[in-house]
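Structure file input13.txt; described as compact mmCIF, C-alpha atoms.
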```
# COMPACT_ATOMS: atom_id res chain seq x y z
CA MET A 1 0.00 0.00 0.00
CA LYS A 2 1.22 3.47 -0.84
CA VAL A 3 0.21 6.34 1.36
CA ARG A 4 1.01 10.03 1.16
CA ILE A 5 1.36 12.23 4.24
CA LEU A 6 1.28 16.01 3.93
CA VAL A 7 2.79 18.00 6.77
CA SER A 8 2.35 21.75 6.98
CA PHE A 9 2.43 24.52 9.57
CA LYS A 10 -0.70 25.05 11.62
CA ASP A 11 -2.71 28.08 10.51
CA SER A 12 -1.73 29.84 13.73
CA VAL A 13 1.99 29.52 12.95
CA LEU A 14 3.71 32.00 10.64
CA ASP A 15 5.28 30.41 7.59
CA PRO A 16 8.04 32.80 6.47
CA GLN A 17 9.03 30.54 3.57
CA GLY A 18 5.48 30.47 2.25
CA GLN A 19 5.34 34.24 2.69
CA THR A 20 8.53 34.65 0.66
CA VAL A 21 7.10 32.50 -2.13
CA THR A 22 3.92 34.60 -2.05
CA ASN A 23 6.01 37.76 -2.44
CA ALA A 24 7.97 36.23 -5.32
CA LEU A 25 4.74 35.30 -7.12
CA HIS A 26 3.45 38.83 -6.66
CA THR A 27 6.69 40.20 -8.11
CA MET A 28 6.06 38.00 -11.15
CA GLY A 29 2.56 39.42 -11.57
CA TYR A 30 0.53 36.51 -10.19
CA ASP A 31 -1.71 38.82 -8.25
CA ALA A 32 -4.45 36.23 -7.93
CA VAL A 33 -2.32 34.33 -5.39
CA MET A 34 -3.40 35.54 -1.99
CA ASN A 35 -1.28 33.30 0.15
CA VAL A 36 1.10 30.31 -0.03
CA ARG A 37 1.72 27.81 2.75
CA GLN A 38 4.69 25.53 2.29
CA GLY A 39 4.81 21.97 3.56
CA LYS A 40 6.43 18.56 3.24
CA VAL A 41 5.33 15.40 1.45
CA PHE A 42 6.15 11.88 2.65
CA ASP A 43 5.28 8.87 0.50
CA LEU A 44 5.33 5.62 2.47
CA ASP A 45 5.33 2.09 1.07
CA LEU A 46 3.58 -0.15 3.57
CA GLU A 47 3.57 -3.92 3.48
CA GLY A 48 1.28 -6.44 5.18
CA VAL A 49 -1.05 -3.74 6.42
CA THR A 50 -4.79 -3.66 5.92
CA ARG A 51 -6.61 -0.42 5.25
CA LYS A 52 -7.95 -0.47 8.78
CA GLU A 53 -4.49 -0.96 10.24
CA ALA A 54 -3.14 1.83 8.06
CA GLU A 55 -5.80 4.13 9.44
CA ALA A 56 -4.27 3.67 12.89
CA LEU A 57 -0.63 3.35 11.88
CA VAL A 58 -0.21 6.31 9.54
CA PRO A 59 -1.58 9.02 11.86
CA GLU A 60 0.51 7.54 14.68
CA ILE A 61 3.70 7.81 12.60
CA ALA A 62 2.79 11.30 11.43
CA HIS A 63 2.01 12.47 14.94
CA ARG A 64 5.04 10.91 16.62
CA VAL A 65 7.74 11.56 14.06
CA LEU A 66 6.95 13.24 10.76
CA ALA A 67 5.15 16.25 12.19
CA ASN A 68 5.91 18.28 15.29
CA PRO A 69 2.38 18.66 16.72
CA ILE A 70 3.34 21.91 18.44
CA ILE A 71 3.76 23.72 15.14
CA GLU A 72 2.57 21.38 12.41
CA LYS A 73 -0.55 19.56 11.25
CA PHE A 74 -0.85 16.69 8.83
CA ASP A 75 -3.17 15.13 6.32
CA TRP A 76 -2.84 11.77 4.66
CA GLU A 77 -4.33 9.68 1.89
CA ILE A 78 -3.99 6.23 0.39
CA LEU A 79 -2.44 6.51 -3.07
CA LYS A 80 -2.54 2.83 -4.00
CA VAL A 81 -4.05 -0.07 -2.11
CA ARG A 82 -1.68 -2.69 -3.55
CA MET B 1 32.08 17.55 39.07
CA LYS B 2 32.18 15.75 35.75
CA PHE B 3 30.75 16.96 32.44
CA GLY B 4 29.74 14.82 29.47
CA VAL B 5 29.42 16.18 25.93
CA VAL B 6 27.14 14.20 23.63
CA GLN B 7 28.31 13.57 20.08
CA PHE B 8 25.81 12.98 17.29
CA PRO B 9 26.74 12.51 13.66
CA GLY B 10 26.74 16.14 12.55
CA SER B 11 27.61 17.73 15.90
CA ASN B 12 30.25 20.37 15.23
CA CYS B 13 30.60 22.28 18.49
CA ASP B 14 31.34 19.14 20.51
CA PHE B 15 35.08 19.76 20.71
CA ASP B 16 34.57 23.47 21.44
CA ALA B 17 32.36 22.56 24.39
CA PHE B 18 34.81 19.85 25.47
CA HIS B 19 37.71 22.33 25.33
CA ALA B 20 35.82 25.00 27.26
CA LEU B 21 34.85 22.57 30.01
CA ARG B 22 38.08 20.64 30.34
CA ASN B 23 40.79 23.17 29.48
CA VAL B 24 39.17 26.46 30.42
CA MET B 25 36.92 25.45 33.32
CA LYS B 26 39.35 22.66 34.26
CA ARG B 27 36.76 20.04 35.10
CA PRO B 28 36.83 16.35 34.15
CA THR B 29 34.93 16.04 30.87
CA VAL B 30 34.14 13.03 28.71
CA MET B 31 32.68 12.60 25.25
CA LEU B 32 29.46 10.57 25.13
CA TRP B 33 28.71 8.79 21.86
CA HIS B 34 25.05 8.93 20.85
CA LYS B 35 24.90 5.15 20.23
CA ASP B 36 26.04 4.30 23.74
CA HIS B 37 23.76 3.59 26.66
CA ASP B 38 26.09 4.79 29.40
CA LEU B 39 26.34 8.33 30.78
CA GLN B 40 29.65 7.38 32.46
CA GLY B 41 28.62 8.87 35.79
CA VAL B 42 28.61 12.50 34.63
CA ASP B 43 26.97 15.19 36.76
CA CYS B 44 25.94 17.33 33.80
CA VAL B 45 25.16 16.38 30.21
CA VAL B 46 25.90 18.99 27.53
CA LEU B 47 24.16 18.69 24.16
CA PRO B 48 26.39 20.70 21.83
CA GLY B 49 25.66 22.76 18.75
CA GLY B 50 25.81 21.49 15.22
CA PHE B 51 23.52 19.74 12.80
CA ALA B 52 22.71 16.39 14.37
CA TYR B 53 21.69 13.98 11.61
CA GLY B 54 22.03 16.82 9.12
CA ASP B 55 18.90 18.47 10.54
CA TYR B 56 16.96 15.95 8.43
CA LEU B 57 13.18 16.02 8.86
CA ARG B 58 13.35 18.87 11.37
CA VAL B 59 16.13 20.25 13.56
CA GLY B 60 16.70 17.86 16.45
CA ALA B 61 13.96 15.50 15.28
CA ILE B 62 16.08 12.42 14.61
CA ALA B 63 18.67 12.95 17.34
CA ARG B 64 16.04 12.41 19.99
CA PHE B 65 15.77 8.73 18.99
CA SER B 66 19.45 8.01 19.71
CA PRO B 67 19.95 5.31 22.37
CA LEU B 68 21.89 7.74 24.56
CA MET B 69 19.05 10.26 24.49
CA GLN B 70 16.80 7.73 26.22
CA GLU B 71 19.39 7.69 29.02
CA VAL B 72 19.54 11.49 28.99
CA ARG B 73 15.76 11.66 29.31
CA THR B 74 15.81 9.34 32.33
CA PHE B 75 18.76 11.28 33.79
CA ALA B 76 16.90 14.59 33.40
CA ARG B 77 13.65 13.22 34.81
CA GLY B 78 15.62 12.07 37.83
CA GLY B 79 16.92 15.62 38.40
CA GLY B 80 20.19 15.36 36.45
CA HIS B 81 21.45 18.57 34.90
CA VAL B 82 21.26 18.96 31.13
CA LEU B 83 22.47 21.95 29.13
CA GLY B 84 21.43 22.21 25.48
CA ILE B 85 23.31 24.68 23.33
CA CYS B 86 21.86 25.73 19.96
CA ASN B 87 21.20 22.42 18.18
CA GLY B 88 21.24 20.86 21.66
CA PHE B 89 18.39 23.20 22.64
CA GLN B 90 16.49 22.09 19.53
CA VAL B 91 17.01 18.44 20.50
CA LEU B 92 15.66 19.15 24.02
CA LEU B 93 12.52 20.68 22.51
CA GLU B 94 11.98 17.68 20.23
CA LEU B 95 12.65 15.34 23.13
CA GLY B 96 9.98 17.14 25.14
CA LEU B 97 12.29 18.03 28.01
CA LEU B 98 11.62 21.71 27.28
CA PRO B 99 8.37 23.26 26.00
CA GLY B 100 7.88 24.83 22.57
CA ALA B 101 9.47 24.47 19.16
CA MET B 102 11.87 26.24 16.80
CA LEU B 103 10.90 27.89 13.55
CA ARG B 104 13.19 29.22 10.84
CA ASN B 105 14.64 32.67 11.61
CA LYS B 106 12.18 35.42 10.70
CA ASP B 107 14.30 36.75 7.80
CA LEU B 108 15.16 33.25 6.55
CA LYS B 109 18.84 33.93 7.09
CA PHE B 110 21.47 31.88 8.85
CA LEU B 111 22.60 34.24 11.63
CA CYS B 112 26.21 34.12 12.77
CA GLN B 113 26.99 37.08 15.00
CA HIS B 114 27.50 38.25 18.56
CA VAL B 115 24.29 39.08 20.39
CA HIS B 116 23.44 40.42 23.83
CA ILE B 117 21.27 38.41 26.15
CA ARG B 118 19.87 39.50 29.49
CA VAL B 119 19.86 37.21 32.49
CA GLU B 120 16.23 37.14 33.58
CA ASP B 121 16.77 34.83 36.52
CA ALA B 122 20.05 34.57 38.40
CA LYS B 123 18.79 31.95 40.84
CA THR B 124 18.94 29.00 38.47
CA ASP B 125 21.69 26.41 38.62
CA PHE B 126 22.81 27.72 35.21
CA THR B 127 22.99 31.42 36.14
CA ARG B 128 23.97 31.45 39.80
CA ALA B 129 27.27 33.20 39.00
CA ALA B 130 25.46 36.04 37.21
CA ARG B 131 23.40 38.98 38.44
CA LYS B 132 19.75 39.39 37.52
CA GLY B 133 19.62 41.80 34.60
CA GLN B 134 23.26 41.20 33.68
CA VAL B 135 23.92 41.44 29.95
CA LEU B 136 26.06 38.72 28.37
CA ARG B 137 27.68 39.07 24.96
CA ILE B 138 27.70 35.65 23.32
CA PRO B 139 27.62 34.58 19.67
CA ILE B 140 24.78 32.82 17.92
CA ALA B 141 25.05 30.66 14.78
CA HIS B 142 21.76 29.21 13.64
CA PHE B 143 19.09 29.00 10.98
CA ASP B 144 16.28 27.81 13.23
CA GLY B 145 16.28 29.82 16.43
CA ASN B 146 12.92 31.51 16.15
CA TYR B 147 11.38 30.27 19.38
CA TYR B 148 7.70 29.43 19.22
CA ALA B 149 5.20 28.20 21.78
CA PRO B 150 1.39 28.11 21.64
CA ALA B 151 -0.21 31.01 23.54
CA ARG B 152 -1.11 28.94 26.58
CA THR B 153 2.33 27.34 26.82
CA LEU B 154 3.99 30.74 26.47
CA ARG B 155 1.83 32.11 29.25
CA ASP B 156 2.84 29.22 31.51
CA ILE B 157 6.52 29.64 30.68
CA GLU B 158 6.37 33.33 31.57
CA ARG B 159 4.27 32.76 34.67
CA ASN B 160 6.64 30.07 35.96
CA GLY B 161 9.63 32.30 35.32
CA GLN B 162 11.14 29.76 32.94
CA VAL B 163 12.60 32.38 30.61
CA VAL B 164 16.24 32.58 31.65
CA PHE B 165 17.69 34.66 28.79
CA ARG B 166 16.22 37.24 26.41
CA TYR B 167 17.79 38.92 23.41
CA CYS B 168 18.46 42.55 24.28
CA GLU B 169 20.47 45.64 23.41
CA ALA B 170 23.94 46.19 24.90
CA ASP B 171 22.36 48.18 27.74
CA GLY B 172 19.91 45.38 28.56
CA THR B 173 16.81 46.88 26.97
CA VAL B 174 14.65 44.21 25.37
CA THR B 175 13.69 45.54 21.92
CA ALA B 176 12.25 44.17 18.69
CA GLU B 177 15.50 45.10 16.92
CA ALA B 178 17.54 43.00 19.32
CA ASN B 179 15.28 40.04 18.62
CA VAL B 180 17.34 38.97 15.61
CA ASN B 181 15.59 35.69 14.85
CA GLY B 182 12.02 36.68 15.68
CA SER B 183 11.61 34.58 18.84
CA MET B 184 8.44 35.01 20.85
CA GLY B 185 9.09 37.25 23.83
CA ASN B 186 12.75 37.71 22.71
CA ILE B 187 13.37 34.28 24.25
CA ALA B 188 16.98 33.13 23.91
CA GLY B 189 16.97 30.48 26.62
CA ILE B 190 14.48 28.64 28.82
CA ARG B 191 14.56 26.12 31.63
CA ASN B 192 12.14 23.37 32.62
CA THR B 193 9.88 23.91 35.62
CA GLU B 194 12.15 21.84 37.86
CA GLY B 195 15.15 23.94 36.87
CA ASN B 196 17.58 21.14 35.99
CA VAL B 197 17.31 21.44 32.19
CA LEU B 198 18.27 24.56 30.25
CA GLY B 199 18.38 25.24 26.54
CA LEU B 200 19.76 28.35 24.86
CA MET B 201 20.54 29.35 21.30
CA PRO B 202 23.74 31.39 21.96
CA HIS B 203 27.01 29.48 22.27
CA PRO B 204 28.64 30.03 25.70
CA GLU B 205 31.58 27.79 24.71
CA ARG B 206 32.43 30.26 21.94
CA ALA B 207 32.66 33.04 24.51
CA SER B 208 34.71 31.38 27.21
CA GLU B 209 38.17 32.91 26.64
CA ALA B 210 39.39 36.50 26.16
CA LEU B 211 41.05 35.33 22.96
CA LEU B 212 37.60 34.69 21.51
CA GLY B 213 36.45 38.26 22.12
CA SER B 214 34.22 37.54 25.09
CA GLU B 215 34.38 35.53 28.28
CA ASP B 216 30.73 36.03 29.16
CA GLY B 217 29.81 32.45 28.30
CA ARG B 218 31.91 31.20 31.20
CA THR B 219 29.26 32.53 33.57
CA ILE B 220 26.97 29.66 32.61
CA PHE B 221 29.63 26.99 33.16
CA GLU B 222 30.77 28.66 36.39
CA SER B 223 27.19 28.67 37.61
CA LEU B 224 26.83 24.95 36.95
CA ILE B 225 30.08 24.22 38.76
CA LEU B 226 29.04 26.41 41.70
CA SER B 227 25.63 24.75 41.87
CA LEU B 228 26.70 21.17 41.48
CA GLU B 229 29.87 21.19 43.54
CA ARG B 230 28.02 22.73 46.46
CA ARG B 231 25.05 20.49 46.03
CA LYS B 232 26.37 17.41 47.73
CA PRO B 233 26.73 18.93 51.22
CA ALA B 234 23.45 20.82 50.71
CA ARG B 235 21.70 17.58 49.89
CA ARG B 236 23.07 15.90 52.97
CA ALA B 237 21.86 18.81 55.11
CA ALA B 238 18.43 18.62 53.52
CA ALA B 239 18.30 14.89 54.08
CA GLY B 240 19.29 15.39 57.72
CA LYS B 241 16.57 17.97 58.22
CA ALA B 242 13.97 15.69 56.65
CA ALA B 243 15.08 12.87 58.94
CA ARG B 244 14.66 15.06 62.03
CA HIS B 245 11.11 15.91 60.99
CA ASP B 246 10.31 12.22 60.92
```

Exercise: express the given structure as structure tokens:
Amino acid sequence: MKVRILVSFKDSVLDPQGQTVTNALHTMGYDAVMNVRQGKVFDLDLEGVTRKEAEALVPEIAHRVLANPIIEKFDWEILKVR
Amino acid sequence: MKFGVVQFPGSNCDFDAFHALRNVMKRPTVMLWHKDHDLQGVDCVVLPGGFAYGDYLRVGAIARFSPLMQEVRTFARGGGHVLGICNGFQVLLELGLLPGAMLRNKDLKFLCQHVHIRVEDAKTDFTRAARKGQVLRIPIAHFDGNYYAPARTLRDIERNGQVVFRYCEADGTVTAEANVNGSMGNIAGIRNTEGNVLGLMPHPERASEALLGSEDGRTIFESLILSLERRKPARRAAAGKAARHD
């Protein structure tokens, strides 16, 4: 099973890198872009795990290691079941 | 008293800290390899600056899983003294021994310069040799030193008096300009509620000899020595008193 985890700053945390990208886009004339938030992508290959098990395992991994819950939030999805 | 300096792959201030403690402060000091399980009987663990595990994932995020860090956690929870400098501070935050987290510096620049920090509390085991309000001139060298804590945590930290150092001007005034990395509350260093764990972004070991342009960093090491070398008789006295109460 392939899963994708997206980690990004919580809305309450300033993201200076995202802000810098926003400014760069504005400089280029992309005025429609109001805001950019930058994050990280983790693609995990899991083996011998059912969908139900993944639903417990993936958030646990994201919470304990991949994201720092003080400043970051995460989302995840199954890309491929097998 | 005996110091131990932890070495991770990517630590680069380990020998500076070792030199400052052994040759300048003249105290027995050992290197502690991150894969070991033995703290070798040290009285104070120093987590040095650098880029443990290349700062992969997040600063300090991987270092906290090292076998030795499990020992350090137990040591700290039992009252053992731990000093985290720069990357060492970041590791302590990830390990959960200190509250909060580090964000990238507000201007997205690696900052390598001397800064002034004000001693907010001179009663800690790490600042006993200083005066409250004393200004120390110590260098910083970091990309991620922008201290962050959720509003409630920050309120608790301030209320408990856990802020030990704040970035300030040379005269001790705490200003936005002096807050080079954008830290909340100009926070440069904090302690845990028990007072046996301290993390700070500036590098005291780089300011421990006149040759280096400042000796202000020695204050922190001197404080630790003062606190820990006096502790043993104090503990005995306290134990005696407790016994009499029984």

Taking all listed atoms of stretch 41-48 of chain A, build the axis-aligned box, pad each of the six sides by 8 Å, then write its centre and edge lengths in Å to one decimal as AutoDock Vina command-line options.
```
--center_x 3.7 --center_y 4.5 --center_z 2.8 --size_x 20.9 --size_y 37.8 --size_z 20.7
```

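Residue list for chain B within 8 Å of chain A: Leu57, Ala61, Glu94, Gly100, Ala101, Arg104, Lys106, Asp107, Leu108, Ala149 and Pro150 of chain B, counting all atoms listed in the file.
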
**Q.** Close residues, stretch 182-193 of chain B itself excluded, 6 Å, only C-alpha atoms, min 5 positions apart in chain, as JSON, numbers by chain
**A.** {"B": [98, 106, 146, 147, 148, 162, 163, 164, 165, 166, 167, 198, 199, 200, 201]}

Q) Residues at most 12 Å from A:Arg4, counting only C-alpha atoms, excluding those fewer than 3 positions away in the same chain, as JSON, numbers by chain? A) {"A": [1, 7, 40, 41, 42, 43, 44, 45, 46, 54, 58, 59, 61, 62, 66, 74, 75, 76, 77, 78, 79, 80, 81]}

**Q.** Pairwise distance for atom CA of B:Ala76 and atom CA of B:Glu194, rounded to one decimal in Å
**A.** 9.7 Å

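Atom pair atom CA of B:Ser214 / atom CA of B:Ile138 has a distance of 7.0 Å (rounded to one decimal).
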
Q: Considering all atoms listed in the file, return as a ChimeraX atom specification whatever protein or nucleic-acid residues lie within 7 Å of stretch 5-9 of chain B, sequence-local ones (same chain, fewer than 2 positions apart) excluded.
A: /B:3,11,14,18,30-34,45-48,52-53
